[in-house]
Amino acid sequence: MKHEEFYLKVAYALSGCQLIEQELKLYLTQAFELINKCINNKLVFKFSGDDYANASLERLIEAFQKLTNNEELVKELRAFKDERNFLSHKGISHCLDYEGDLFESTAQEFQIRLDQIEKQAINLRNKIHNESADFLGYLYFDDLTENDAG
């Protein structure tokens, strides 16, 4: 395996990780918009997706956990975060020898992990998106003010 191929594979895996972060940010933004719509100025509510624009994956998962009952998905996201952290902080250096050359056997073993990360990222993005399907109809189509007394 050439260095360039290996780095490209790492980049693809990391892009999947970033897309999970983006999907979580979208979920939080939409959830906060729905909460604000439901509150309808009865209570000050200043939370927004912008509050999480630069949040770490761990912080995004913590916020997501407070807005979902899907504990299995939260558990999967936490496990994914640990794998993502290894990939982003040690993945490349883990596969290089002391002279900075690609250690072929380690890189090939790591290739399996990269493939799993890519597949898992797609799966988790879909699951997060499906979680939002439970409330998006209320956000975009329901008039939640019709029963308001005030």
# chains A, B, ... in the order shown; residues from 1 in each chain; ligands from 1
$ residues_around --residues "Cys17 (chain A)" --least-positions-apart "6" --cutoff "10 Å" --atoms "only C-alpha atoms" --output "PyMOL selection string"
chain A and resi 11+23+57+80-81+83-85+87-88+117-118+120-122+124-125
$ closest_residue --among "A:Ser48, A:Glu58, A:Ala31, A:Leu73" --to "Asn123 (chain A)" --atoms "only C-alpha atoms"
A:Leu73
$ select_by_dssp --residues "region 31-116 of chain A" --states "alpha helix (DSSP H)" --output "ChimeraX atom specification"
/A:31-39,57-65,71-86,92-94,104-116
$ closest_residue --among "A:Thr106, A:Asn36, A:Thr68, A:Asn54" --to "Ser132 (chain A)" --atoms "only C-alpha atoms"
A:Thr68
$ residues_around --residues "Glu104 (chain A)" --least-positions-apart "3" --cutoff "12 Å" --atoms "only C-alpha atoms" --output "list in words"
Met1, Lys2, His3, Glu5, Phe6, His94, Cys95, Leu96, Asp97, Gly100, Asp101, Ala107, Gln108, Glu109, Phe110 and Gln111 of chain A
$ closest_residue --among "A:Gln116, A:Asn126, A:Thr29, A:Asn40" --to "Tyr12 (chain A)" --atoms "only C-alpha atoms"
A:Gln116
$ atom_distance --atom1 "CA of Arg78 (chain A)" --atom2 "CA of Lys46 (chain A)"
27.1 Å
$ atom_distance --atom1 "CA of Ile61 (chain A)" --atom2 "CA of Leu77 (chain A)"
7.0 Å
$ closest_residue --among "A:Tyr140, A:Gly49, A:Asp134, A:Glu99" --to "Leu26 (chain A)" --atoms "only C-alpha atoms"
A:Gly49
$ closest_residue --among "A:Leu24, A:Ala13, A:Cys38, A:Leu19" --to "Leu139 (chain A)" --atoms "only C-alpha atoms"
A:Cys38
$ atom_distance --atom1 "CA of Glu71 (chain A)" --atom2 "CA of Phe32 (chain A)"
19.7 Å
$ decode --residues "region 84-102 of chain A" --atoms "N, CA, C and O atoms" --output "mmCIF file, in the first residue's frame"
data_model
loop_
_atom_site.group_PDB
_atom_site.id
_atom_site.type_symbol
_atom_site.label_atom_id
_atom_site.label_comp_id
_atom_site.auth_asym_id
_atom_site.auth_seq_id
_atom_site.Cartn_x
_atom_site.Cartn_y
_atom_site.Cartn_z
ATOM 1 N N ARG A 84 -13.203 7.007 16.746
ATOM 2 C CA ARG A 84 -12.855 8.226 16.009
ATOM 3 C C ARG A 84 -11.672 8.931 16.664
ATOM 4 O O ARG A 84 -10.769 9.424 15.991
ATOM 5 N N ASN A 85 -11.667 8.993 17.998
ATOM 6 C CA ASN A 85 -10.553 9.636 18.697
ATOM 7 C C ASN A 85 -9.236 8.931 18.406
ATOM 8 O O ASN A 85 -8.209 9.572 18.194
ATOM 9 N N PHE A 86 -9.267 7.600 18.412
ATOM 10 C CA PHE A 86 -8.051 6.860 18.079
ATOM 11 C C PHE A 86 -7.620 7.184 16.654
ATOM 12 O O PHE A 86 -6.448 7.464 16.398
ATOM 13 N N LEU A 87 -8.568 7.169 15.738
ATOM 14 C CA LEU A 87 -8.262 7.443 14.335
ATOM 15 C C LEU A 87 -7.660 8.829 14.168
ATOM 16 O O LEU A 87 -6.620 8.998 13.524
ATOM 17 N N SER A 88 -8.289 9.831 14.744
ATOM 18 C CA SER A 88 -7.835 11.201 14.517
ATOM 19 C C SER A 88 -6.574 11.556 15.293
ATOM 20 O O SER A 88 -5.794 12.392 14.843
ATOM 21 N N HIS A 89 -6.349 10.919 16.427
ATOM 22 C CA HIS A 89 -5.195 11.286 17.247
ATOM 23 C C HIS A 89 -3.994 10.356 17.082
ATOM 24 O O HIS A 89 -2.861 10.779 17.287
ATOM 25 N N LYS A 90 -4.244 9.097 16.744
ATOM 26 C CA LYS A 90 -3.147 8.132 16.686
ATOM 27 C C LYS A 90 -3.138 7.277 15.420
ATOM 28 O O LYS A 90 -2.207 6.521 15.213
ATOM 29 N N GLY A 91 -4.174 7.358 14.618
ATOM 30 C CA GLY A 91 -4.329 6.449 13.489
ATOM 31 C C GLY A 91 -3.145 6.407 12.549
ATOM 32 O O GLY A 91 -2.614 5.342 12.245
ATOM 33 N N ILE A 92 -2.707 7.553 12.084
ATOM 34 C CA ILE A 92 -1.602 7.576 11.134
ATOM 35 C C ILE A 92 -0.298 7.217 11.828
ATOM 36 O O ILE A 92 0.446 6.346 11.351
ATOM 37 N N SER A 93 -0.013 7.835 12.954
ATOM 38 C CA SER A 93 1.258 7.565 13.633
ATOM 39 C C SER A 93 1.359 6.112 14.088
ATOM 40 O O SER A 93 2.458 5.560 14.157
ATOM 41 N N HIS A 94 0.212 5.486 14.342
ATOM 42 C CA HIS A 94 0.173 4.073 14.734
ATOM 43 C C HIS A 94 0.733 3.184 13.624
ATOM 44 O O HIS A 94 1.255 2.103 13.893
ATOM 45 N N CYS A 95 0.637 3.638 12.397
ATOM 46 C CA CYS A 95 1.038 2.823 11.241
ATOM 47 C C CYS A 95 2.373 3.249 10.632
ATOM 48 O O CYS A 95 2.756 2.757 9.571
ATOM 49 N N LEU A 96 3.070 4.141 11.284
ATOM 50 C CA LEU A 96 4.371 4.572 10.781
ATOM 51 C C LEU A 96 5.486 4.007 11.645
ATOM 52 O O LEU A 96 5.341 3.870 12.862
ATOM 53 N N ASP A 97 6.617 3.688 11.007
ATOM 54 C CA ASP A 97 7.763 3.233 11.778
ATOM 55 C C ASP A 97 8.529 4.452 12.299
ATOM 56 O O ASP A 97 8.118 5.593 12.087
ATOM 57 N N TYR A 98 9.640 4.211 12.970
ATOM 58 C CA TYR A 98 10.391 5.304 13.588
ATOM 59 C C TYR A 98 10.982 6.280 12.583
ATOM 60 O O TYR A 98 11.318 7.406 12.927
ATOM 61 N N GLU A 99 11.105 5.853 11.339
ATOM 62 C CA GLU A 99 11.653 6.728 10.309
ATOM 63 C C GLU A 99 10.557 7.449 9.523
ATOM 64 O O GLU A 99 10.832 8.170 8.578
ATOM 65 N N GLY A 100 9.295 7.220 9.902
ATOM 66 C CA GLY A 100 8.190 7.891 9.242
ATOM 67 C C GLY A 100 7.681 7.172 8.011
ATOM 68 O O GLY A 100 6.860 7.710 7.276
ATOM 69 N N ASP A 101 8.163 5.973 7.778
ATOM 70 C CA ASP A 101 7.686 5.183 6.650
ATOM 71 C C ASP A 101 6.499 4.342 7.088
ATOM 72 O O ASP A 101 6.377 3.967 8.258
ATOM 73 N N LEU A 102 5.656 4.039 6.140
ATOM 74 C CA LEU A 102 4.454 3.251 6.419
ATOM 75 C C LEU A 102 4.850 1.824 6.765
ATOM 76 O O LEU A 102 5.564 1.166 6.020
#
